[in-house]
Structures are given as structure tokens and as C-alpha cells.
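**Q** So I've got this file, coords_32.txt, and it contains compact mmCIF, C-alpha atoms and all ligand atoms:
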# COMPACT_ATOMS: atom_id res chain seq x y z
CA MET A 1 104.04 113.92 85.93
CA SER A 2 103.05 116.87 88.05
CA VAL A 3 99.90 117.08 90.10
CA GLU A 4 98.30 120.35 91.13
CA PRO A 5 98.39 120.43 94.96
CA CYS A 6 94.92 121.09 96.31
CA SER A 7 94.88 123.39 99.35
CA HIS A 8 91.38 122.27 100.34
CA LEU A 9 92.67 118.70 100.65
CA ARG A 10 95.36 119.94 103.00
CA GLU A 11 93.05 122.05 105.13
CA THR A 12 89.85 120.03 105.43
CA SER A 13 89.25 118.21 108.72
CA ARG A 14 86.42 116.22 107.13
CA GLY A 15 88.60 114.25 104.74
CA VAL A 16 88.36 110.49 104.29
CA SER A 17 90.59 108.14 102.27
CA PHE A 18 89.38 104.89 100.71
CA SER A 19 92.21 102.63 99.59
CA GLY A 20 92.77 99.35 97.81
CA ALA A 21 95.68 97.14 96.90
CA GLY A 22 97.22 99.76 94.59
CA LEU A 23 98.20 101.88 97.62
CA SER A 24 100.50 99.08 98.81
CA ALA A 25 101.66 97.97 95.34
CA PRO A 26 104.67 100.35 95.36
CA SER A 27 105.69 98.65 98.63
CA GLY A 28 105.97 95.36 96.75
CA VAL A 29 102.65 93.91 97.91
CA ALA A 30 100.94 92.20 94.95
CA THR A 31 97.46 93.56 94.18
CA PHE A 32 94.47 91.29 94.07
CA ARG A 33 94.30 91.46 90.30
CA ASP A 34 98.03 91.21 89.64
CA LYS A 35 98.68 88.04 87.74
CA MET A 36 99.84 85.46 90.26
CA GLU A 37 103.19 83.86 89.46
CA GLY A 38 104.81 80.45 89.55
CA HIS A 39 102.97 77.75 91.48
CA TRP A 40 100.10 80.17 92.23
CA ALA A 41 99.50 81.16 88.59
CA LYS A 42 97.02 78.31 88.14
CA HIS A 43 94.93 79.31 91.17
CA ASP A 44 92.10 81.86 91.34
CA PRO A 45 92.46 84.27 94.30
CA MET A 46 88.66 84.59 94.42
CA GLN A 47 88.47 80.85 95.16
CA LEU A 48 91.40 80.81 97.58
CA ALA A 49 89.96 83.81 99.52
CA SER A 50 86.64 82.06 100.21
CA PRO A 51 85.14 79.68 102.81
CA GLN A 52 84.48 77.20 99.99
CA GLY A 53 88.14 77.24 98.99
CA PHE A 54 89.17 76.76 102.61
CA ALA A 55 86.73 73.87 103.08
CA ARG A 56 87.95 72.25 99.86
CA ASP A 57 91.68 72.51 100.59
CA PRO A 58 92.62 74.28 103.86
CA GLN A 59 96.31 73.41 103.43
CA LEU A 60 96.43 75.08 99.97
CA VAL A 61 94.71 78.21 101.31
CA MET A 62 97.06 78.48 104.31
CA ASP A 63 100.08 77.94 102.01
CA TRP A 64 98.80 80.84 99.84
CA TYR A 65 98.47 83.07 102.91
CA ALA A 66 101.92 82.02 104.13
CA MET A 67 103.37 83.17 100.76
CA ARG A 68 101.47 86.48 100.94
CA ARG A 69 102.39 86.99 104.62
CA LEU A 70 106.09 86.49 103.89
CA GLN A 71 105.79 89.01 101.02
CA MET A 72 104.05 91.52 103.32
CA GLY A 73 106.61 90.86 106.03
CA GLN A 74 109.29 92.21 103.67
CA SER A 75 107.33 95.35 102.80
CA SER A 76 107.48 98.85 104.31
CA PRO A 77 105.18 101.85 104.04
CA ASN A 78 105.68 104.02 100.94
CA ASP A 79 105.29 107.78 100.45
CA GLY A 80 101.61 107.26 99.67
CA HIS A 81 100.96 105.67 103.08
CA ARG A 82 102.98 108.43 104.75
CA SER A 83 101.07 111.23 102.98
CA LEU A 84 97.73 109.79 104.07
CA ALA A 85 98.98 109.10 107.62
CA ALA A 86 100.05 112.77 107.88
CA ARG A 87 96.34 113.65 107.70
CA SER A 88 95.99 112.67 111.33
CA ASN A 89 92.42 114.02 111.61
CA TRP A 90 91.16 112.01 108.63
CA VAL A 91 89.50 108.59 108.72
CA HIS A 92 91.33 106.05 106.53
CA ILE A 93 89.04 103.33 105.18
CA THR A 94 90.94 100.49 103.53
CA GLN A 95 90.17 97.23 101.75
CA ASN A 96 93.77 96.23 102.36
CA THR A 97 94.60 93.65 105.00
CA ASP A 98 98.18 94.85 105.52
CA ASP A 99 99.18 97.22 108.37
CA LEU A 100 101.26 99.63 106.26
CA LEU A 101 99.03 102.65 106.99
CA GLU A 102 99.42 102.04 110.74
CA ARG A 103 103.17 101.55 110.33
CA ALA A 104 103.24 104.91 108.51
CA GLY A 105 101.63 106.48 111.59
CA ALA A 106 97.94 106.52 110.68
CA THR A 107 95.78 106.22 113.80
CA ASP A 108 92.18 105.99 112.56
CA VAL A 109 92.23 103.10 110.06
CA LEU A 110 89.12 101.05 109.26
CA HIS A 111 89.96 97.63 107.75
CA LEU A 112 86.80 96.58 105.88
CA HIS A 113 88.35 93.25 104.87
CA GLY A 114 90.25 92.42 108.05
CA HIS A 115 93.87 91.93 109.03
CA ILE A 116 96.28 89.46 107.40
CA ASN A 117 98.63 89.80 110.40
CA ARG A 118 96.06 88.11 112.63
CA ASP A 119 94.61 84.57 112.79
CA ARG A 120 91.21 83.57 114.19
CA CYS A 121 89.08 80.49 114.82
CA HIS A 122 87.11 79.60 111.66
CA GLY A 123 84.22 78.62 113.93
CA ARG A 124 84.22 82.13 115.50
CA CYS A 125 84.66 80.70 119.04
CA GLY A 126 86.26 84.04 119.95
CA TRP A 127 89.91 82.99 119.76
CA SER A 128 92.25 85.15 117.70
CA GLU A 129 95.90 86.21 117.86
CA ALA A 130 98.45 88.39 116.13
CA ILE A 131 100.90 86.42 113.99
CA ASP A 132 104.50 87.10 112.87
CA LEU A 133 104.37 87.84 109.13
CA THR A 134 107.99 86.73 108.80
CA ASP A 135 107.17 83.34 110.36
CA PRO A 136 103.58 82.52 109.34
CA PRO A 137 101.98 79.66 111.33
CA PRO A 138 101.06 76.42 109.55
CA LEU A 139 97.53 74.99 109.20
CA ARG A 140 96.41 74.24 112.78
CA SER A 141 93.31 73.55 114.88
CA CYS A 142 91.91 76.28 117.10
CA PRO A 143 93.94 76.17 120.38
CA ALA A 144 90.83 77.33 122.30
CA CYS A 145 87.94 75.17 121.06
CA GLY A 146 89.86 72.51 119.15
CA GLU A 147 86.79 72.05 116.98
CA TYR A 148 87.61 74.27 114.01
CA LYS A 149 90.68 75.11 112.00
CA VAL A 150 92.45 78.47 112.42
CA ARG A 151 92.31 80.86 109.41
CA PRO A 152 93.52 84.43 108.69
CA ASP A 153 91.39 87.14 110.33
CA VAL A 154 90.31 88.52 106.93
CA VAL A 155 86.91 88.79 105.23
CA TRP A 156 86.61 86.21 102.44
CA PHE A 157 84.33 86.46 99.41
CA GLY A 158 80.85 85.46 100.55
CA GLU A 159 81.58 86.50 104.18
CA MET A 160 79.97 89.49 105.88
CA LEU A 161 82.06 92.56 106.65
CA PRO A 162 82.47 93.29 110.39
CA ASP A 163 79.36 95.25 111.42
CA ASP A 164 81.12 97.77 113.66
CA VAL A 165 83.80 98.57 111.07
CA TRP A 166 81.20 98.92 108.31
CA SER A 167 78.99 101.24 110.38
CA ARG A 168 82.00 103.45 111.28
CA ALA A 169 83.01 103.59 107.61
CA VAL A 170 79.50 104.65 106.54
CA ALA A 171 79.39 107.29 109.30
CA ALA A 172 82.78 108.66 108.20
CA ILE A 173 81.63 108.91 104.57
CA GLU A 174 78.37 110.57 105.59
CA GLN A 175 80.21 113.43 107.31
CA ALA A 176 83.02 113.78 104.75
CA ASP A 177 83.41 116.80 102.48
CA THR A 178 86.35 115.21 100.66
CA LEU A 179 87.13 111.62 99.67
CA ILE A 180 90.42 110.41 98.19
CA VAL A 181 89.97 107.03 96.48
CA VAL A 182 93.37 105.46 95.88
CA GLY A 183 94.54 102.23 94.28
CA THR A 184 91.30 100.35 93.91
CA SER A 185 89.54 98.77 90.95
CA ALA A 186 86.28 99.60 92.82
CA LEU A 187 84.87 96.21 91.85
CA VAL A 188 84.48 94.60 95.28
CA GLN A 189 81.19 95.21 97.09
CA PRO A 190 79.83 96.42 99.39
CA ALA A 191 83.14 98.32 99.95
CA ALA A 192 83.08 100.15 96.62
CA SER A 193 79.50 101.36 97.28
CA LEU A 194 81.02 103.86 99.75
CA ILE A 195 82.24 105.91 96.78
CA GLY A 196 78.69 106.28 95.46
CA LEU A 197 77.51 107.22 98.96
CA ALA A 198 80.16 109.97 99.15
CA ASN A 199 79.09 111.23 95.74
CA ARG A 200 75.41 111.36 96.77
CA ARG A 201 76.38 113.23 99.95
CA GLY A 202 78.14 115.87 97.86
CA ALA A 203 81.75 115.16 98.88
CA ALA A 204 84.54 116.24 96.51
CA ILE A 205 85.94 112.96 95.14
CA HIS A 206 89.56 112.57 94.01
CA ILE A 207 90.55 109.26 92.39
CA VAL A 208 94.23 108.25 92.26
CA ASN A 209 95.02 105.26 90.07
CA THR A 210 97.45 104.10 87.40
CA GLU A 211 94.52 102.76 85.33
CA PRO A 212 90.87 103.65 84.71
CA GLY A 213 88.50 102.12 87.29
CA ALA A 214 84.83 101.32 87.84
CA ALA A 215 84.13 104.45 89.90
CA ASP A 216 85.79 107.03 87.63
CA ASP A 217 82.43 108.54 86.59
CA LEU A 218 81.85 109.50 90.25
CA ALA A 219 85.10 111.48 90.52
CA HIS A 220 85.44 115.25 90.40
CA HIS A 221 89.21 114.92 89.95
CA LEU A 222 91.05 112.01 88.32
CA HIS A 223 94.79 111.80 89.04
CA VAL A 224 96.52 109.23 86.85
CA GLY A 225 99.70 107.93 88.41
CA SER A 226 101.18 105.85 91.16
CA ALA A 227 99.90 106.37 94.71
CA HIS A 228 103.42 106.84 96.09
CA GLU A 229 104.08 109.71 93.66
CA VAL A 230 100.66 111.38 93.34
CA LEU A 231 99.60 111.50 97.00
CA PRO A 232 102.64 113.47 98.27
CA GLN A 233 102.11 116.06 95.52
CA LEU A 234 98.31 116.13 95.83
CA LEU A 235 98.49 116.61 99.58
CA SER A 236 101.19 119.14 98.77
CA GLU A 237 103.27 119.03 101.88
CA GLY A 238 105.51 116.33 100.51
CA LEU A 239 107.20 114.20 103.06
CA GLY A 240 108.42 116.84 105.40
CA GLY A 241 104.98 118.33 105.93
C1 LIG B 301 79.70 90.42 101.22
C2 LIG B 301 90.38 89.96 101.97
C3 LIG B 301 77.55 90.01 102.07
C4 LIG B 301 90.87 88.60 101.61
C5 LIG B 301 88.99 90.72 100.09
C6 LIG B 301 76.99 93.39 95.88
C7 LIG B 301 76.76 93.65 97.23
C8 LIG B 301 77.35 92.85 98.21
C9 LIG B 301 78.18 91.78 97.85
C10 LIG B 301 78.41 91.53 96.51
C11 LIG B 301 77.81 92.31 95.55
N1 LIG B 301 78.20 91.84 94.34
C12 LIG B 301 79.05 90.79 94.52
C13 LIG B 301 79.18 90.56 95.84
C14 LIG B 301 79.99 89.50 96.41
C15 LIG B 301 81.46 89.90 96.61
C16 LIG B 301 82.02 90.76 95.52
O1 LIG B 301 82.15 91.97 95.68
N2 LIG B 301 82.40 90.17 94.40
C17 LIG B 301 82.96 90.99 93.34
C18 LIG B 301 84.36 90.58 93.00
C19 LIG B 301 82.00 90.94 92.16
N3 LIG B 301 81.58 90.59 97.87
C20 LIG B 301 81.71 89.85 99.00
O2 LIG B 301 81.65 88.63 99.02
C21 LIG B 301 81.92 90.63 100.30
N4 LIG B 301 80.98 90.14 101.30
O3 LIG B 301 79.25 91.02 100.28
O4 LIG B 301 78.93 89.96 102.28
C22 LIG B 301 77.22 88.75 101.34
C23 LIG B 301 77.38 87.57 102.01
C24 LIG B 301 77.05 86.39 101.34
C25 LIG B 301 76.61 86.42 100.01
C26 LIG B 301 76.50 87.66 99.32
C27 LIG B 301 76.80 88.82 99.99
C28 LIG B 301 83.29 90.39 100.86
C29 LIG B 301 84.34 90.90 99.93
C30 LIG B 301 85.70 90.88 100.65
C31 LIG B 301 86.67 90.01 99.89
N5 LIG B 301 87.98 90.04 100.54
N6 LIG B 301 90.18 90.73 100.74
C32 LIG B 301 92.32 88.63 101.20
O5 LIG B 301 92.83 89.72 100.84
O6 LIG B 301 92.95 87.58 101.26
S1 LIG B 301 88.79 91.65 98.71
C33 LIG B 301 90.27 91.88 97.92
O7 LIG B 301 89.94 92.66 96.78
C34 LIG B 301 91.33 92.71 98.63
O8 LIG B 301 90.95 93.19 99.91
C35 LIG B 301 91.48 93.91 97.70
O9 LIG B 301 91.88 95.03 98.36
C36 LIG B 301 90.07 93.98 97.25
C37 LIG B 301 89.60 94.88 96.19
O10 LIG B 301 90.46 94.88 95.17
P1 LIG B 301 91.41 96.20 95.03
O11 LIG B 301 91.91 96.61 96.35
O12 LIG B 301 90.69 97.18 94.22
O13 LIG B 301 92.59 95.56 94.30
P2 LIG B 301 92.60 95.16 92.80
O14 LIG B 301 93.73 94.22 92.64
O15 LIG B 301 91.23 94.81 92.34
O16 LIG B 301 92.95 96.53 92.05
C38 LIG B 301 94.15 97.21 92.35
C39 LIG B 301 93.93 98.61 91.82
O17 LIG B 301 95.10 99.38 92.12
C40 LIG B 301 93.75 98.65 90.32
O18 LIG B 301 92.73 99.58 90.01
C41 LIG B 301 95.11 99.16 89.82
O19 LIG B 301 94.99 99.92 88.63
C42 LIG B 301 95.53 100.04 90.94
N7 LIG B 301 96.99 100.21 91.10
C43 LIG B 301 97.96 99.29 90.93
N8 LIG B 301 99.16 99.85 91.23
C44 LIG B 301 98.91 101.14 91.63
C45 LIG B 301 97.53 101.37 91.55
N9 LIG B 301 96.97 102.56 91.87
C46 LIG B 301 97.80 103.54 92.29
N10 LIG B 301 99.14 103.39 92.40
C47 LIG B 301 99.72 102.21 92.07
N11 LIG B 301 101.07 102.08 92.15
Take the structure I supplied and represent it as C-alpha cells, if you would.
Ligand code: BV8
**A**
Amino acid sequence: MSVEPCSHLRETSRGVSFSGAGLSAPSGVATFRDKMEGHWAKHDPMQLASPQGFARDPQLVMDWYAMRRLQMGQSSPNDGHRSLAARSNWVHITQNTDDLLERAGATDVLHLHGHINRDRCHGRCGWSEAIDLTDPPPLRSCPACGEYKVRPDVVWFGEMLPDDVWSRAVAAIEQADTLIVVGTSALVQPAASLIGLANRRGAAIHIVNTEPGAADDLAHHLHVGSAHEVLPQLLSEGLGG
């Protein structure tokens, strides 16, 4: 599959990327809609990634995150992460909770849904810490307040997105002349609404996905294929650039 490189994409300083789980899929990180396997097949990620799920069975939720953290701990950035990171003057908005864009060298990354490599107090007492993905901590009480359990520093379904991150993402979209949307089903809100905002502001929208998605009608260019293969071609400098 060959993708026409787009010189404007390479030259613009007002580019923004918006990514979802499909960007990290080639790195071996399961997407949110991938069928879960084994013991987890009978569980619904929408329930597990929610305050209700955590209240109902905190041990089950932390076991699920421990499994995902170990999987992420084995993963490395792919050529898609590296191609985006090479656009050092772009803003990279991601729904992903992994740090693969940063590990590929990206400096301006906005995590709308938080960071799986961090834990925080569920009662928001202010305590949080980085965790070792290869040795995920067990269910524990907050070491600072002792009142609440500790949970991953991610945004669960039904939880608000961090205000500062959201405002910076909206500001980036409002000034963008180009948006690359990669590896997202564009079903989760309010994150996916950023694509419509970019469209209304007149940005050129490129969508990179292996499958059709909910925002395809907003795209000016649809590139069907895997993020790790399409992005290096689309951004046309390959890996050495
Ligand atoms: C909130 C962290 C206010 C946890 C995640 C309208 C407005 C506002 C809210 C809502 C609304 N409608 C509904 C809601 C509620 C809800 C929502 O959106 N529900 C949906 C599902 C209907 N939203 C919320 O609750 C949000 N909060 O709105 O606060 C509020 C408060 C109270 C009450 C109401 C409102 C919070 C949402 C955040 C959820 N947290 N992650 C964790 O990860 O553990 S979201 C989760 O899904 C991941 O972050 C994931 O990234 C994200 C989105 O999914 P995708 O990234 O798109 O991944 P997915 O698996 O879906 O698709 C993968 C794609 O990649 C596919 O298209 C596939 O084809 C493609 N692909 C696969 N391989 C490749 C590839 N593409 C390219 N190359 C490949 N190789």
C-alpha cells in the first residue's frame, strides 16, 4: 500500500495530531475495542474503567490494570509514534494513557484520558506517584490520607477530563491548519468532538485507520492502513527524516 506523501503536512507549523488506541496497537498494546482474552473476556472494559466498577470490585479493577500495565511495560514506540514525534513543533493530543509518544521523543503531548503509568488517590487528596509498569502495585490505601484507595491516574467513563489539558487541546485545535486523526474509533466524547471543531475551523483533516470510523465524513483525506506504515509515508521523511 503506498500513500502519497503530503508536503504541506511536512511543512506546516500549525499541525496537530489526535490519536487513539490504534496508534499503539502495532506496539502490542490492545485497543479498547479489541476483544479481551482469557479471564478478561467476560468483563466489559467500559465497566472496569469506571468509578462504579471500582466501587463494586476495586481488586478486580486493579488486577485488570496490572495486566494492562505489564502489557504496556513490554511495549516500545513504533514507526507511527516516531513519525509524529519528529513533528517537534506540533501538538499531539492523545486519548491513549501510555507514554509511547514521549518515549518516541514527542515533547508536547496532551493526555486527555490520563496516564496509566501513574497512580493517584481516588479521593483526590492530591497524592499521586509514577509507577513501574513492569511491577504494577497492588490494591492499596492512599499513603497520604489513608482514607481512600489508590487508583490509576486515568480518566474513567463518567469522570471529567482534566480542565487544563482539555483547554490546551481546544486551543491547539483552534489554531491548527492541519489535523491528523490516527487510530481512533472516534466514539468517545468529549474527545472525539475535537475533530468536528477542527472541521468547523477549516483545518485540513487526514484520518489514518485500518477500518472506517465515526468521523470519516469530516475527513478531507482518508488513509486506510496501519498507523506504523501510513504515518512514515504520509509525513514523507520516513524514519531518517
Ligand atoms: C465525560 C482511560 C463529562 C481509561 C478512556 C457526550 C459528551 C460528553 C460525554 C459523553 C457523551 N456521550 C457519552 C458520554 C460519556 C462517555 C462516552 O464517551 N461514552 C461513549 C463510549 C459513548 N464519556 C465520558 O464518560 C468521558 N467523561 O464525558 O465527562 C461527564 C461526566 C459525567 C457524566 C457525563 C459526562 C470520559 C471518557 C474517558 C474514558 N476513558 N480511557 C483506560 O484506558 O483505562 S477512553 C478509552 O477509549 C481509551 O482511552 C481509548 O483510547 C478511548 C477511545 O477509544 P479509541 O482510542 O478510539 O480506541 P478503540 O479501541 O475504540 O478504537 C481503536 C481504533 O484504532 C479503531 O478505530 C481501529 O480501527 C483502529 N486501529 C486498530 N489498529 C490500528 C488502528 N488504526 C491504525 N493503525 C492500526 N494498526
**Q** Fewer than 3 positions away in the same chain doesn't count, so skip those; otherwise give me all residues within 10 Å of segment 142-155 of chain A, counting all atoms listed in the file, as a ChimeraX atom specification.
**A** /A:49-51,54-55,58,61-62,65-66,95-97,111-131,137-139,158-162
**Q** Counting all atoms listed in the file, what residues are within 8 Å of ligand LIG 301 (chain B), given as JSON, numbers by chain?
**A** {"A": [19, 20, 21, 22, 23, 24, 25, 26, 30, 31, 32, 33, 34, 45, 46, 48, 49, 50, 65, 94, 95, 96, 97, 112, 113, 114, 116, 154, 155, 156, 157, 158, 159, 160, 161, 182, 183, 184, 185, 186, 187, 188, 189, 190, 191, 208, 209, 210, 211, 212, 213, 224, 225, 226, 227, 228]}
**Q** Grab the atom CA of Asn78 of chain A to atom CA of Ser27 of chain A distance for me, in Å with one decimal place.
**A**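 Pair atom CA of Asn78 of chain A / atom CA of Ser27 of chain A returns 5.8 Å.
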**Q** If you measure from atom CA of Gly202 of chain A to atom CA of Arg10 of chain A, what distance in Å do you get, rounded to one decimal?
**A**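 Calculated distance between atom CA of Gly202 of chain A and atom CA of Arg10 of chain A is 18.4 Å.
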**Q** Choose the residue, out of A:Gln233, A:Gln47, A:Thr134, A:Thr178, that has the smallest atom-to-atom separation from Leu60 of chain A; count all atoms listed in the file.
**A**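 Nearest to Leu60 of chain A: A:Gln47.
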**Q** State, in Å with one decimal place, the distance from atom CA of Ala85 of chain A to atom CA of Leu179 of chain A.
**A** 14.5 Å
**Q** Please, what is the axis-aligned box for every listed atom of segment 39-54 of chain A with 3 Å on each side, as centre and edge lengths in Å to one decimal, as JSON?
**A**
{"center_x": 93.7, "center_y": 80.7, "center_z": 95.5, "size_x": 24.5, "size_y": 13.8, "size_z": 20.7}
**Q** List every protein, DNA or RNA residue that has an atom no more than 8 Å from (81.5, 111.4, 103.0) in the file's coordinate frame, counting all atoms listed in the file, and report them as an NGL selection string.
**A** :A and (15-16 or 170-179 or 197-199 or 201-203)
**Q** For a quick check of understanding, using only C-alpha atoms, which of A:Gln71, A:Ser236, A:Gln52, A:Ser13 has the smallest distance to Pro136 of chain A?
**A** A:Gln71
**Q** Kindly indicate which residue among A:Arg140, A:Arg103, A:Arg168, A:Arg87 lies nearest to Asp63 of chain A, using only C-alpha atoms for the distances.
**A**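 That would be A:Arg140, the residue with the smallest distance to Asp63 of chain A.
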**Q** For Leu231 of chain A, which of A:Val165, A:Ala219, A:Ala106, A:Ala86 is the closest residue, counting all atoms listed in the file?
**A**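 Nearest candidate to Leu231 of chain A out of A:Val165, A:Ala219, A:Ala106, A:Ala86: A:Ala86.
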**Q** Looking at A:Gly105, A:Gly38, A:Asp44, A:Arg14, which one is nearest to Val91 of chain A, with distances taken over only C-alpha atoms?
**A** A:Arg14
